[in-house]
>>> print(open('run.csv').read())   # CSV, C-alpha atoms
chain,number,residue,atom,x,y,z
A,736,MET,CA,0.0,0.0,0.0
A,737,THR,CA,1.4,3.4,-0.9
A,738,ALA,CA,0.9,6.5,1.3
A,739,LEU,CA,-1.3,9.3,-0.1
A,740,ALA,CA,0.7,12.1,-1.6
A,741,PRO,CA,1.2,15.0,0.9
A,742,ARG,CA,-0.8,18.1,0.1
A,743,PHE,CA,2.1,20.3,1.1
A,744,ALA,CA,5.7,20.4,-0.1
A,745,PRO,CA,8.7,19.7,2.2
A,746,ILE,CA,9.8,22.8,4.0
A,747,VAL,CA,13.2,24.1,2.9
A,748,ALA,CA,15.8,23.7,5.6
A,749,VAL,CA,16.9,26.8,7.5
A,750,ALA,CA,20.6,27.9,7.8
A,751,ASN,CA,21.0,26.1,11.2
A,752,ALA,CA,20.3,22.4,11.6
A,753,PRO,CA,16.5,21.9,11.9
A,754,ALA,CA,15.3,21.1,15.4
A,755,PRO,CA,14.8,17.4,16.0
A,756,ILE,CA,11.1,16.5,16.8
A,757,LEU,CA,9.4,13.8,18.7
A,758,PHE,CA,5.8,13.2,17.6
A,759,ASP,CA,3.3,11.0,19.4
A,760,LEU,CA,0.6,9.3,17.3
A,761,SER,CA,-1.2,7.9,20.3
A,762,ARG,CA,-4.4,10.0,19.8
A,763,LEU,CA,-4.7,9.0,16.1
A,764,VAL,CA,-4.2,5.3,17.1
A,765,SER,CA,-6.9,5.6,19.7
A,766,ARG,CA,-9.2,7.1,17.1
A,767,ALA,CA,-8.4,4.7,14.3
A,768,LEU,CA,-11.7,2.8,14.4
A,769,HIS,CA,-13.8,6.0,14.6
A,770,PRO,CA,-15.1,6.6,11.1
A,771,THR,CA,-15.6,10.3,11.6
A,772,PRO,CA,-12.6,12.5,12.7
A,773,THR,CA,-12.9,15.4,15.1
A,774,GLY,CA,-11.3,18.7,14.3
A,775,ILE,CA,-8.4,17.9,16.6
A,776,ASP,CA,-8.0,14.5,14.8
A,777,ARG,CA,-7.6,16.4,11.5
A,778,VAL,CA,-5.0,18.8,12.9
A,779,ASP,CA,-3.1,15.9,14.4
A,780,MET,CA,-3.2,14.1,11.1
A,781,ALA,CA,-2.0,17.2,9.2
A,782,TYR,CA,1.0,17.5,11.6
A,783,ALA,CA,1.9,13.8,11.2
A,784,ARG,CA,1.9,14.2,7.4
A,785,ALA,CA,3.9,17.4,7.5
A,786,LEU,CA,6.5,15.7,9.6
A,787,LEU,CA,6.8,12.8,7.2
A,788,ALA,CA,7.5,15.4,4.5
A,789,GLN,CA,10.6,16.7,6.4
A,790,PRO,CA,13.5,14.7,4.9
A,791,ALA,CA,16.1,17.1,6.2
A,792,ARG,CA,14.8,17.0,9.8
A,793,HIS,CA,15.3,14.3,12.5
A,794,VAL,CA,11.8,13.1,13.3
A,795,ALA,CA,11.0,10.3,15.7
A,796,PHE,CA,7.5,8.8,15.9
A,797,THR,CA,6.1,7.0,18.9
A,798,ALA,CA,2.6,5.7,19.9
A,799,ARG,CA,1.1,3.9,22.8
A,800,LEU,CA,-0.2,0.6,21.4
A,801,PRO,CA,-2.6,-1.6,23.2
A,802,GLY,CA,-0.8,-4.3,25.2
A,803,LEU,CA,2.6,-3.1,24.1
A,804,GLY,CA,3.0,0.3,25.7
A,805,GLN,CA,4.9,3.2,24.2
A,806,CYS,CA,6.7,2.1,21.0
A,807,ARG,CA,9.1,3.8,18.6
A,808,LEU,CA,7.8,3.5,15.0
A,809,ALA,CA,9.4,3.4,11.6
A,810,PRO,CA,8.4,6.3,9.3
A,811,ALA,CA,7.4,3.8,6.6
A,812,ALA,CA,4.9,2.1,8.9
A,813,VAL,CA,3.6,5.5,10.0
A,814,ALA,CA,3.0,6.5,6.3
A,815,ARG,CA,1.0,3.3,5.8
A,816,PHE,CA,-1.1,4.0,8.9
A,817,ILE,CA,-1.8,7.5,7.8
A,818,ALA,CA,-2.8,6.4,4.3
A,819,ALA,CA,-5.2,3.8,5.8
A,820,THR,CA,-6.7,6.2,8.3
A,821,MET,CA,-7.3,8.9,5.7
A,822,ALA,CA,-8.9,6.3,3.4
A,823,ARG,CA,-11.2,5.2,6.2
A,824,TRP,CA,-12.2,8.9,6.8
A,825,ASP,CA,-13.0,9.2,3.1
A,826,ASP,CA,-14.9,5.9,2.9
A,827,ASP,CA,-14.9,3.4,5.7
A,828,ASN,CA,-15.7,0.6,3.2
A,829,SER,CA,-12.5,1.3,1.3
A,830,GLY,CA,-10.2,-1.4,0.0
A,831,GLN,CA,-7.5,-0.2,2.4
A,832,GLY,CA,-9.8,-0.7,5.4
A,833,ARG,CA,-10.7,-4.3,4.3
A,834,LEU,CA,-7.0,-5.1,3.7
A,835,LEU,CA,-6.2,-4.1,7.2
A,836,SER,CA,-9.2,-5.9,8.8
A,837,GLY,CA,-10.8,-2.5,9.3
A,838,ASN,CA,-8.2,-1.1,11.7
A,839,PRO,CA,-5.6,1.2,10.2
A,840,ALA,CA,-3.4,0.9,13.4
A,841,LEU,CA,-2.5,-2.6,12.3
A,842,ALA,CA,-0.2,-1.0,9.7
A,843,LEU,CA,2.1,0.1,12.6
A,844,LEU,CA,2.9,-3.4,13.7
A,845,THR,CA,5.7,-3.9,11.2
A,846,GLY,CA,7.4,-0.7,12.3
A,847,ILE,CA,7.5,-1.3,16.1
A,848,GLY,CA,11.0,-0.7,17.5
A,849,ARG,CA,12.4,0.4,14.2
A,850,GLY,CA,12.0,4.1,14.7
A,851,SER,CA,14.9,6.5,15.2
A,852,ALA,CA,16.2,7.3,18.6
A,853,ILE,CA,15.2,10.5,20.3
A,854,PRO,CA,18.1,12.9,20.5
A,855,THR,CA,18.7,15.0,23.7
A,856,GLY,CA,17.0,18.4,23.4
A,857,ALA,CA,14.5,17.3,20.8
A,858,ILE,CA,11.1,19.1,20.7
A,859,ARG,CA,8.2,17.0,21.9
A,860,LEU,CA,5.5,18.4,19.7
A,861,MET,CA,2.1,17.9,21.4
A,862,VAL,CA,-0.8,18.7,19.1
A,863,ALA,CA,-3.7,16.8,20.7
A,864,HIS,CA,-3.5,17.9,24.4
A,865,GLN,CA,-2.5,14.4,25.5
A,866,LEU,CA,-0.9,14.3,29.0
A,867,LEU,CA,-1.5,18.0,29.6
A,868,ASP,CA,-4.0,17.0,32.2
A,869,ARG,CA,-1.4,14.9,34.0
A,870,PRO,CA,1.3,17.4,34.7
A,871,GLU,CA,3.5,15.4,37.0
A,872,LEU,CA,3.7,12.4,34.7
A,873,LEU,CA,4.4,14.8,31.8
A,874,ARG,CA,7.1,16.5,33.8
A,875,ARG,CA,8.8,13.2,34.6
A,876,GLN,CA,8.7,12.1,30.9
A,877,LEU,CA,10.2,15.4,29.7
A,878,ALA,CA,13.0,15.1,32.3
A,879,ARG,CA,13.7,11.4,31.5
A,880,SER,CA,13.8,11.9,27.8
A,881,GLN,CA,15.5,15.4,28.0
A,882,THR,CA,13.1,16.8,25.5
A,883,ARG,CA,11.5,20.2,25.3
A,884,LEU,CA,7.7,20.6,25.1
A,885,VAL,CA,5.8,22.6,22.5
A,886,ALA,CA,2.1,22.4,22.9
A,887,PHE,CA,-0.7,23.3,20.5
A,888,ILE,CA,-3.7,24.8,22.2
A,889,HIS,CA,-6.9,24.6,20.2
A,890,ASP,CA,-9.1,26.6,22.5
A,891,ALA,CA,-9.9,27.5,26.1
A,892,ILE,CA,-13.6,27.0,25.7
A,893,PRO,CA,-14.2,24.4,28.5
A,894,ALA,CA,-12.4,26.7,31.0
A,895,GLU,CA,-14.1,29.9,29.8
A,896,TYR,CA,-17.6,28.3,29.3
A,897,PRO,CA,-17.9,25.4,31.7
A,898,GLU,CA,-21.6,25.2,31.0
A,899,TYR,CA,-20.8,23.8,27.6
A,900,ALA,CA,-18.3,21.2,28.8
A,901,ARG,CA,-18.8,17.6,29.7
A,902,PRO,CA,-19.1,16.9,33.5
A,903,GLY,CA,-15.6,17.4,34.8
A,904,GLY,CA,-14.3,18.8,31.5
A,905,ALA,CA,-13.9,22.4,32.7
A,906,ASP,CA,-11.5,21.4,35.6
A,907,ARG,CA,-9.6,19.0,33.3
A,908,HIS,CA,-9.1,21.7,30.7
A,909,ARG,CA,-8.0,24.3,33.3
A,910,ILE,CA,-5.3,21.8,34.3
A,911,ARG,CA,-4.2,21.5,30.6
A,912,LEU,CA,-3.9,25.2,30.1
A,913,ALA,CA,-2.0,25.7,33.4
A,914,THR,CA,0.3,22.8,32.5
A,915,ALA,CA,1.0,24.2,29.0
A,916,ALA,CA,1.8,27.6,30.4
A,917,ARG,CA,4.1,26.2,33.1
A,918,LEU,CA,6.0,23.4,31.3
A,919,ALA,CA,6.0,24.4,27.6
A,920,ASN,CA,9.1,25.9,25.9
A,921,GLY,CA,6.7,27.2,23.2
A,922,LEU,CA,3.0,27.4,22.5
A,923,ILE,CA,1.1,27.3,19.1
A,924,VAL,CA,-2.4,28.5,18.8
A,925,ASN,CA,-4.8,28.6,15.9
A,926,SER,CA,-6.1,32.2,16.2
A,927,GLN,CA,-5.7,35.5,17.9
A,928,ALA,CA,-8.9,34.6,19.8
A,929,THR,CA,-7.3,31.5,21.3
A,930,ALA,CA,-4.1,33.5,22.1
A,931,ASP,CA,-6.2,36.1,24.0
A,932,ALA,CA,-8.0,33.3,25.9
A,933,MET,CA,-4.7,31.7,26.8
A,934,THR,CA,-3.2,34.9,28.2
A,935,PRO,CA,-4.8,34.7,31.7
A,936,TRP,CA,-3.2,31.3,32.2
A,937,LEU,CA,0.3,32.6,31.7
A,938,ALA,CA,1.9,33.2,35.1
A,939,PRO,CA,2.0,36.9,35.9
A,940,GLY,CA,5.6,38.2,36.3
A,941,ALA,CA,7.0,34.9,34.9
A,942,ALA,CA,8.7,34.6,31.6
A,943,ALA,CA,5.9,33.4,29.3
A,944,PRO,CA,6.8,30.8,26.7
A,945,PRO,CA,7.1,32.1,23.1
A,946,LEU,CA,3.7,31.9,21.3
A,947,LEU,CA,2.9,31.5,17.6
A,948,ILE,CA,-0.4,32.2,16.1
A,949,ALA,CA,-0.8,29.9,13.1
A,950,PRO,CA,-4.2,29.7,11.5
A,951,LEU,CA,-5.1,26.2,10.3
A,952,GLY,CA,-5.1,25.4,6.6
A,953,VAL,CA,-7.9,23.8,4.6
A,954,ASN,CA,-7.4,20.9,2.2
A,955,PRO,CA,-8.3,21.9,-1.3
A,956,HIS,CA,-11.0,19.7,-2.8
A,957,PRO,CA,-11.2,19.0,-6.5
A,958,LYS,CA,-13.6,21.4,-8.2
A,959,THR,CA,-17.1,19.9,-8.0
A,960,PRO,CA,-18.6,19.7,-11.5
A,961,ASP,CA,-21.7,21.9,-12.0
A,962,LEU,CA,-24.6,20.0,-10.6
A,963,PRO,CA,-28.2,20.5,-11.3
A,964,SER,CA,-29.9,22.6,-8.7
A,965,PRO,CA,-31.6,20.4,-6.1
A,966,ILE,CA,-35.4,20.3,-6.3
A,967,ARG,CA,-35.6,21.8,-2.8
A,968,PRO,CA,-32.8,24.2,-1.7
A,969,TYR,CA,-30.9,23.1,1.5
A,970,PHE,CA,-28.6,24.5,4.2
A,971,LEU,CA,-25.8,22.6,5.9
A,972,CYS,CA,-24.7,22.7,9.5
A,973,LEU,CA,-21.4,20.9,10.4
A,974,ALA,CA,-21.1,20.4,14.1
A,975,THR,CA,-21.3,17.8,16.9
A,976,LEU,CA,-24.8,17.9,18.5
A,977,GLU,CA,-23.9,19.7,21.7
A,978,PRO,CA,-25.3,22.8,23.5
A,979,ARG,CA,-22.4,25.1,22.4
A,980,LYS,CA,-23.2,24.6,18.7
A,981,ASN,CA,-26.8,26.0,19.2
A,982,HIS,CA,-28.6,23.5,17.0
A,983,LEU,CA,-31.7,24.4,19.0
A,984,LEU,CA,-31.9,27.8,17.3
A,985,LEU,CA,-32.0,26.2,13.8
A,986,LEU,CA,-34.5,23.5,14.7
A,987,ASN,CA,-36.9,26.1,16.1
A,988,ILE,CA,-36.5,28.2,13.0
A,989,TRP,CA,-37.3,25.2,10.8
A,990,ARG,CA,-40.3,24.4,13.0
A,991,ARG,CA,-41.5,28.0,12.6
A,992,MET,CA,-41.1,27.7,8.8
A,993,ALA,CA,-43.1,24.5,8.9
A,994,GLU,CA,-45.9,26.3,10.7
A,995,THR,CA,-46.0,29.4,8.5
A,996,LEU,CA,-44.8,28.5,5.0
A,997,PRO,CA,-46.3,26.3,2.3
A,998,PRO,CA,-44.5,22.9,2.3
A,999,GLU,CA,-43.0,23.5,-1.2
A,1000,SER,CA,-41.4,26.8,0.0
A,1001,ILE,CA,-39.5,25.3,3.0
A,1002,PRO,CA,-35.8,24.6,2.4
A,1003,ARG,CA,-34.2,21.5,3.9
A,1004,LEU,CA,-31.7,21.6,6.8
A,1005,ILE,CA,-29.0,18.9,6.8
A,1006,LEU,CA,-27.1,18.3,10.0
A,1007,VAL,CA,-23.8,16.6,9.7
A,1008,GLY,CA,-22.2,15.5,13.0
A,1009,ARG,CA,-22.4,12.9,15.7
A,1010,ARG,CA,-24.7,13.2,18.7
A,1011,GLY,CA,-22.7,14.6,21.6
A,1012,TRP,CA,-23.7,15.4,25.2
A,1013,GLU,CA,-26.4,17.3,27.1
A,1014,ASN,CA,-28.4,17.6,23.9
A,1015,GLU,CA,-31.8,16.2,25.1
A,1016,ASN,CA,-33.9,19.1,23.7
A,1017,VAL,CA,-32.2,18.8,20.3
A,1018,VAL,CA,-32.6,15.0,20.2
A,1019,ASP,CA,-36.2,15.3,21.2
A,1020,LEU,CA,-37.0,17.6,18.4
A,1021,LEU,CA,-35.1,15.4,15.9
A,1022,ASP,CA,-36.7,12.2,17.1
A,1023,ARG,CA,-40.2,13.3,18.1
A,1024,CYS,CA,-41.2,16.5,16.3
A,1025,PRO,CA,-43.6,15.7,13.4
A,1026,ALA,CA,-43.2,19.2,11.9
A,1027,LEU,CA,-39.5,18.5,11.1
A,1028,ASP,CA,-40.1,15.3,9.2
A,1029,GLY,CA,-38.9,15.6,5.7
A,1030,ILE,CA,-37.4,19.0,6.1
A,1031,VAL,CA,-34.6,18.3,8.6
A,1032,GLU,CA,-32.2,15.5,7.9
A,1033,GLU,CA,-29.6,14.2,10.4
A,1034,ARG,CA,-26.5,12.6,9.0
A,1035,GLY,CA,-24.1,11.4,11.7
A,1036,ARG,CA,-21.3,10.5,9.4
A,1037,ILE,CA,-20.4,11.4,5.8
A,1038,PRO,CA,-17.2,10.4,4.0
A,1039,ASP,CA,-15.0,13.4,3.2
A,1040,ALA,CA,-15.5,13.3,-0.6
A,1041,ALA,CA,-19.3,13.0,-0.2
A,1042,LEU,CA,-19.3,15.9,2.3
A,1043,ALA,CA,-17.4,18.1,-0.2
A,1044,THR,CA,-20.1,17.4,-2.8
A,1045,LEU,CA,-22.9,18.0,-0.3
A,1046,MET,CA,-21.3,21.3,0.8
A,1047,ALA,CA,-20.9,22.5,-2.7
A,1048,GLY,CA,-24.7,22.3,-3.3
A,1049,ALA,CA,-25.8,24.1,-0.1
A,1050,ARG,CA,-27.3,27.6,-0.2
A,1051,ALA,CA,-25.1,28.4,2.8
A,1052,VAL,CA,-23.3,26.7,5.7
A,1053,LEU,CA,-24.8,27.7,9.1
A,1054,LEU,CA,-22.8,28.1,12.3
A,1055,PRO,CA,-24.9,29.6,15.1
A,1056,SER,CA,-22.3,28.6,17.8
A,1057,PHE,CA,-22.1,30.3,21.2
A,1058,ALA,CA,-18.3,29.9,21.4
A,1059,GLU,CA,-15.5,28.9,19.0
A,1060,GLY,CA,-11.7,28.8,19.1
A,1061,TYR,CA,-11.2,28.7,15.3
A,1062,GLY,CA,-13.6,28.8,12.4
A,1063,LEU,CA,-12.5,25.7,10.4
A,1064,PRO,CA,-16.0,25.1,8.9
A,1065,VAL,CA,-16.0,28.7,7.8
A,1066,ALA,CA,-12.7,28.2,6.0
A,1067,GLU,CA,-13.8,24.9,4.5
A,1068,ALA,CA,-17.1,26.4,3.2
A,1069,LEU,CA,-15.6,29.6,1.8
A,1070,GLY,CA,-12.7,27.5,0.3
A,1071,GLN,CA,-15.4,25.7,-1.8
A,1072,GLY,CA,-17.1,28.9,-2.7
A,1073,VAL,CA,-20.1,28.4,-0.5
A,1074,PRO,CA,-21.6,31.2,1.5
A,1075,VAL,CA,-21.6,31.2,5.3
A,1076,ILE,CA,-24.0,32.6,7.9
A,1077,ALA,CA,-22.3,32.5,11.3
A,1078,SER,CA,-22.4,33.8,14.8
A,1079,ASN,CA,-20.8,37.1,15.4
A,1080,LEU,CA,-17.7,35.7,17.3
A,1081,ALA,CA,-14.2,36.9,17.2
A,1082,ALA,CA,-12.8,33.6,16.1
A,1083,LEU,CA,-15.2,33.2,13.2
A,1084,ARG,CA,-14.6,36.8,12.1
A,1085,GLU,CA,-10.9,36.2,12.2
A,1086,THR,CA,-11.3,33.3,9.8
A,1087,GLY,CA,-14.0,34.6,7.5
A,1088,GLY,CA,-13.1,38.3,7.4
A,1089,ALA,CA,-15.6,40.4,5.7
A,1090,VAL,CA,-17.2,37.6,3.6
A,1091,PRO,CA,-19.8,35.8,5.8
A,1092,GLU,CA,-22.9,37.3,7.3
A,1093,TYR,CA,-22.5,37.5,11.1
A,1094,LEU,CA,-25.5,37.4,13.4
A,1095,ASP,CA,-26.1,37.3,17.1
A,1096,PRO,CA,-26.6,33.6,18.1
A,1097,LEU,CA,-29.6,34.6,20.2
A,1098,ASP,CA,-31.4,36.6,17.5
A,1099,GLY,CA,-33.8,34.1,16.1
A,1100,PRO,CA,-35.7,36.5,13.8
A,1101,ALA,CA,-32.5,37.7,12.2
A,1102,TRP,CA,-31.4,34.1,11.4
A,1103,LEU,CA,-34.9,33.3,10.1
A,1104,ALA,CA,-34.8,36.3,7.8
A,1105,ALA,CA,-31.3,35.5,6.5
A,1106,ILE,CA,-32.2,31.8,5.9
A,1107,THR,CA,-35.4,32.7,4.2
A,1108,ASP,CA,-33.7,35.2,1.9
A,1109,TYR,CA,-30.8,32.9,1.0
A,1110,ALA,CA,-33.2,30.1,0.1
A,1111,ARG,CA,-34.7,32.2,-2.7
A,1112,PRO,CA,-33.2,31.6,-6.2
A,1113,GLY,CA,-32.4,35.2,-6.8
A,1114,SER,CA,-31.3,36.2,-3.3
A,1115,LYS,CA,-29.4,39.5,-3.5
A,1116,ARG,CA,-27.9,38.9,0.0
A,1117,ARG,CA,-26.4,35.6,-1.2
A,1118,GLN,CA,-25.1,37.1,-4.4
A,1119,GLN,CA,-23.5,40.0,-2.5
A,1120,GLN,CA,-21.7,37.4,-0.3
A,1121,LEU,CA,-20.5,35.5,-3.4
A,1122,ARG,CA,-19.1,38.7,-4.8
A,1123,ARG,CA,-17.2,39.3,-1.5
A,1124,LEU,CA,-16.0,35.8,-1.6
A,1125,ASN,CA,-14.1,36.5,-4.8
A,1126,ALA,CA,-11.4,38.4,-2.8
A,1127,TRP,CA,-11.1,35.9,0.0
A,1128,GLU,CA,-8.0,33.8,0.2
A,1129,PRO,CA,-8.2,30.4,2.1
A,1130,PRO,CA,-5.6,29.7,4.8
A,1131,ARG,CA,-3.0,27.2,3.5
A,1132,TRP,CA,-1.4,24.4,5.3
A,1133,GLU,CA,1.9,25.3,3.5
A,1134,THR,CA,1.9,28.7,5.2
A,1135,HIS,CA,0.9,27.2,8.5
A,1136,PHE,CA,3.8,24.7,8.5
A,1137,THR,CA,6.3,27.2,7.1
A,1138,ASN,CA,5.6,29.4,10.1
A,1139,VAL,CA,5.5,26.4,12.6
A,1140,PHE,CA,8.8,24.9,11.6
A,1141,THR,CA,10.5,28.4,11.5
A,1142,PHE,CA,9.1,28.9,15.0
A,1143,LEU,CA,10.3,25.5,16.3
A,1144,ASP,CA,13.8,26.1,14.9
A,1145,SER,CA,13.9,29.5,16.6
A,1146,LEU,CA,13.4,28.1,20.1
A,1147,LYS,CA,16.5,28.2,22.2
A,1148,PRO,CA,17.7,24.8,23.4
>>> encode(input="run.csv", output="structure tokens")
Amino acid sequence: MTALAPRFAPIVAVANAPAPILFDLSRLVSRALHPTPTGIDRVDMAYARALLAQPARHVAFTARLPGLGQCRLAPAAVARFIAATMARWDDDNSGQGRLLSGNPALALLTGIGRGSAIPTGAIRLMVAHQLLDRPELLRRQLARSQTRLVAFIHDAIPAEYPEYARPGGADRHRIRLATAARLANGLIVNSQATADAMTPWLAPGAAAPPLLIAPLGVNPHPKTPDLPSPIRPYFLCLATLEPRKNHLLLLNIWRRMAETLPPESIPRLILVGRRGWENENVVDLLDRCPALDGIVEERGRIPDAALATLMAGARAVLLPSFAEGYGLPVAEALGQGVPVIASNLAALRETGGAVPEYLDPLDGPAWLAAITDYARPGSKRRQQQLRRLNAWEPPRWETHFTNVFTFLDSLKP
């Protein structure tokens, strides 16, 4: 099996020797049998692929494997694992999945113990928050391996908005943020909004670790051929069904449309995302509200290629969230030329700039008016956004990793 071609070129080596890096694949291994990746899974994968594309840099891969503990891994086995995992994300019935009995992690078995040694002073690059909630264990591991920690902080939402976290999630995330501020030699964040949220956790009066703001890239999709307009226009919402994502607003809007509009005039709403936590009201509406039958469709999992096609035909992507650390769905939609209607949040504005329409996530009438307008074939508001979109540049993974590797190489040993 061959690895999928990387979507970014290797970074040119800097004048000094590139910093050696230790990268732990444990989260991706633990998620190997999940057909739908989370946002953090996708970022973790992007970093693993970028590191494989660093021939001039000393990179060591490790992972905690069931029954075997922490293992060093050969890059060739890591490349096979990455290819199989991405094939599963695109289509969990893929030939790669069947060849590996459905578990991409089996591709790592031939690489156990064959990875390169970890040089003293290497950067332990932690992208998925693993071990940040176990500070003493992490401190011992850093001391034993004589490595330096660089942590990627995706957001501070559970600490800032504990009402949206799983039970115990707020305290756990506060420990993560405090650990990163105290133990890291460098921090990477995805937005200025996340950097601002991280600031209170940096010890006052102490030397704060260097911090890099590096917006996430979007993977370019092949241009979708012009498709016939759907019989009924539809809108798309990409988000786990959890309170922070504010699906309840959208479902109440669609129920109102069902009560006030002729059936043929009601656009569809397609929800893509798994069912999360503390979402009883949303689930009740989806499962038990007759008014939503036939106009709201819940899809828990869609392969990446099919999702790109579905997104391309939407009248707009809707993001009525109450809090976000980065606007990845905004970037993905705009990158495909699809309009966005989103909450008026700093992180989403940072990503979308002047292109999307931004609305208060509590202003139901404003959302209803925008959705009703965008559903019309000749919507002027939608056409205006499409014209604004012509000047929008999507964030690129190439730029992200150029900045990240330059930052890592600049850190003092």
>>> residues_around(input="run.csv", residues="A:Ile948", least_positions_apart="4", cutoff="12 Å", atoms="all atoms listed in the file", output="list in words")
Phe887, Ile888, His889, Gly921, Leu922, Ile923, Val924, Asn925, Ser926, Gln927, Ala928, Thr929, Ala930, Asp931, Met933, Tyr1061, Glu1085, Thr1134, His1135, Phe1136, Asn1138, Val1139 and Phe1142 of chain A
>>> atom_distance(input="run.csv", atom1="atom CA of A:Ser1145", atom2="atom CA of A:Val862")
18.4 Å
>>> atom_distance(input="run.csv", atom1="atom CA of A:Met780", atom2="atom CA of A:Ile817")
7.5 Å
>>> residues_around(input="run.csv", residues="A:Val1031", least_positions_apart="4", cutoff="9 Å", atoms="all atoms listed in the file", output="list of chain:residue names")
A:Leu986, A:Trp989, A:Pro1002, A:Arg1003, A:Leu1004, A:Ile1005, A:Leu1006, A:Leu1021, A:Leu1027
>>> closest_residue(input="run.csv", among="A:Leu973, A:Leu984, A:Ala1051, A:Ile966", to="A:Ile1037", atoms="all atoms listed in the file")
A:Leu973
>>> residues_near_point(input="run.csv", point="(8.8, 1.8, 8.9)", cutoff="6 Å", atoms="all atoms listed in the file", output="ChimeraX atom specification")
/A:809-812,846
>>> atom_distance(input="run.csv", atom1="atom CA of A:Arg1034", atom2="atom CA of A:Val1007")
4.9 Å
>>> closest_residue(input="run.csv", among="A:Thr855, A:Asn1016, A:Thr820, A:Gln1071", to="A:Glu1128", atoms="only C-alpha atoms")
A:Gln1071
>>> residues_around(input="run.csv", residues="A:Leu860", least_positions_apart="3", cutoff="7 Å", atoms="all atoms listed in the file", output="ChimeraX atom specification")
/A:756-758,884-886
